[in-house]
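*Asks:* Before I ask anything, let me first share the structure, which is written out below as structure tokens.
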Amino acid sequence: MFAVLSALVLSLAASTSAFVPHHGAHLRRHNGAGNVSYVPRSTSYKLVERYEGKTFLDGWDFFTGSDPTHGNVNFVGGDDAAKLAYVQDDGTVVLAVDDTSSVPAGGNRNSIRISTKKSWDRGLFIADIYAMPHGCGVWPAYWSLGSGKDWPNAGEIDIIEGVNTNMQNQITLHSGPGCTLDKTANALSNLLGTTCTSSNGANAGCAWQQKENNTFGHLFNMQAGGVFAHSVESDAISVWFFDRNSIPADITAQTPDPSTWGTPTALFPNTQCDISSHFLAQNLIFDITLCGDWAGAAYESAGCPGTCASSIADASNFQLAKWMIGSVSVYQ
């Protein structure tokens, strides 16, 4: 309850190939409109990892390298991270941008990027989030990154991502050569692009944008957030979103059955992309960057004041740049 109230208070201050049976696999079919649809097979998913409460951060590493998206941040760990990554008395995990220090315009402000110590090549991943960072110059993401190869050849899955004053979440895949999103895939969101193959300088990826204005930023926080669930299996990567009042009982009971959840929010079938070879073992990641390649480039068109570089100097701009997380669960 305290976490829910905290999230509401936080945002009130804002201005605005052949099918091979596999555990958890989906059965592919074509619906009446000729679109590729998936009916998840009822599975016996079992909990293998749950991050929550006082021990949440024990299972994550702090990334302290330079931001690959060229944001105005210093990703910190150790003592420098103590005030930015912590667990509240009610068990809510907070990940934040420094909103107190004096930083010059165009300088770098301290922030957080964490990734799970463990990685998984397949599974069902469920994140219960009360609030997400938002505001002019802010670029948060909840995502996963494959290991063992240079980016993007082990795959990247962006579950939550947006910038500035966005209200509609974007869900994106980045891959090495030979991966395309089938444009007939049936999902609840708007199709943005079908070229998953990415490289430096051509990194839009294949993507869906959610239709509802409560899926990212201020309005997401005003409803005390919700749950993002995604499955990575050999025949598809699927994503579902449930707002706080619509979370399925099986998720709450920790006995999730995606076959009962209906059409996914976003669907990336294997019809034009071999999921198993393009998306290797993934580490889950939360981060918050500032300005950079996307938020900086879109700053003016979002109606934000001044320049993104100048916004860095005003610490009060980042009072809402906070993740507030209830739990992250991994099932296989």
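Going through the structure tokens in order, the chains are called A, B, and so on, while each chain numbers its residues from 1 and the ligands are numbered from 1 in the order shown.
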Could you pull the residues within 9 Å of Ala204 in chain A, counting only C-alpha atoms, minus those fewer than 3 positions along the same chain, as a list of chain:residue names?
*Replies:*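 The residues that qualify are A:Thr172, A:Leu173, A:His174, A:Gly193, A:Thr195, A:Cys196, A:Thr197, A:Ser198, A:Ser199, A:Gly201, A:Ala207.
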*Asks:* Export N, CA and C atoms of the chosen residues as a PDB file, in the first residue's frame?
*Replies:*
```pdb
ATOM      1  N   THR A 172      10.541  -3.045 -28.514  1.00  0.00           N
ATOM      2  CA  THR A 172      11.428  -3.139 -29.669  1.00  0.00           C
ATOM      3  C   THR A 172      12.379  -4.324 -29.554  1.00  0.00           C
ATOM      4  N   LEU A 173      12.705  -4.938 -30.691  1.00  0.00           N
ATOM      5  CA  LEU A 173      13.776  -5.929 -30.763  1.00  0.00           C
ATOM      6  C   LEU A 173      14.907  -5.387 -31.626  1.00  0.00           C
ATOM      7  N   HIS A 174      16.142  -5.688 -31.195  1.00  0.00           N
ATOM      8  CA  HIS A 174      17.332  -5.419 -32.003  1.00  0.00           C
ATOM      9  C   HIS A 174      18.072  -6.735 -32.186  1.00  0.00           C
ATOM     10  N   GLY A 193       7.795  -0.677 -37.064  1.00  0.00           N
ATOM     11  CA  GLY A 193       8.832  -1.045 -38.024  1.00  0.00           C
ATOM     12  C   GLY A 193       9.072  -2.532 -37.983  1.00  0.00           C
ATOM     13  N   THR A 195      12.111  -4.090 -39.423  1.00  0.00           N
ATOM     14  CA  THR A 195      13.518  -4.474 -39.584  1.00  0.00           C
ATOM     15  C   THR A 195      14.178  -4.592 -38.218  1.00  0.00           C
ATOM     16  N   CYS A 196      14.286  -5.824 -37.732  1.00  0.00           N
ATOM     17  CA  CYS A 196      14.921  -6.043 -36.429  1.00  0.00           C
ATOM     18  C   CYS A 196      16.428  -5.902 -36.509  1.00  0.00           C
ATOM     19  N   THR A 197      16.998  -6.251 -37.677  1.00  0.00           N
ATOM     20  CA  THR A 197      18.439  -6.134 -37.876  1.00  0.00           C
ATOM     21  C   THR A 197      18.895  -4.715 -37.578  1.00  0.00           C
ATOM     22  N   SER A 198      19.870  -4.586 -36.706  1.00  0.00           N
ATOM     23  CA  SER A 198      20.320  -3.265 -36.255  1.00  0.00           C
ATOM     24  C   SER A 198      21.837  -3.158 -36.362  1.00  0.00           C
ATOM     25  N   SER A 199      22.301  -1.931 -36.399  1.00  0.00           N
ATOM     26  CA  SER A 199      23.728  -1.647 -36.391  1.00  0.00           C
ATOM     27  C   SER A 199      23.904  -0.210 -35.941  1.00  0.00           C
ATOM     28  N   GLY A 201      24.137   3.384 -36.226  1.00  0.00           N
ATOM     29  CA  GLY A 201      23.699   4.253 -37.307  1.00  0.00           C
ATOM     30  C   GLY A 201      22.418   3.806 -37.965  1.00  0.00           C
ATOM     31  N   ALA A 207       9.538  -2.805 -34.101  1.00  0.00           N
ATOM     32  CA  ALA A 207       8.895  -2.278 -32.900  1.00  0.00           C
ATOM     33  C   ALA A 207       7.387  -2.193 -33.007  1.00  0.00           C
TER      34      ALA A 207
END
```
*Asks:* Can you list, as a VMD selection string, every residue of range 71-275 of chain A that DSSP puts in alpha helix (DSSP H)?
*Replies:* chain A and resid 218 to 222 249 to 252 275
*Asks:* Might you pull out every residue within 7 Å of Tyr331 in chain A, with only C-alpha atoms counted and same-chain residues fewer than 4 positions away left off, and present them as a list in words?
*Replies:*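 So the residues in contact are Tyr45, Lys46, Leu47, Val48, Gly123, Leu124 and Phe125 of chain A.
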*Asks:* Just want the 12 Å neighbourhood of Gly137 in chain A, counted on only C-alpha atoms, with same-chain residues fewer than 4 positions away dropped. Output as a PyMOL selection string.
*Replies:* chain A and resi 71-73+97+106+109+133+162-166+288-315+317-318+320-321
*Asks:* Would you mind listing, for every residue of range 44-67 of chain A within 6 Å of range 74-89 of chain A, the two atoms forming the shortest contact and the distance between them in Å to one decimal, using only C-alpha atoms, sorted by chain and ascending residue number, as CSV?
*Replies:*
```
residue,atom,partner,partner_atom,distance
A:Lys54,CA,A:Val87,CA,6.0
A:Phe62,CA,A:Gly77,CA,5.4
A:Thr64,CA,A:Phe75,CA,4.8
```
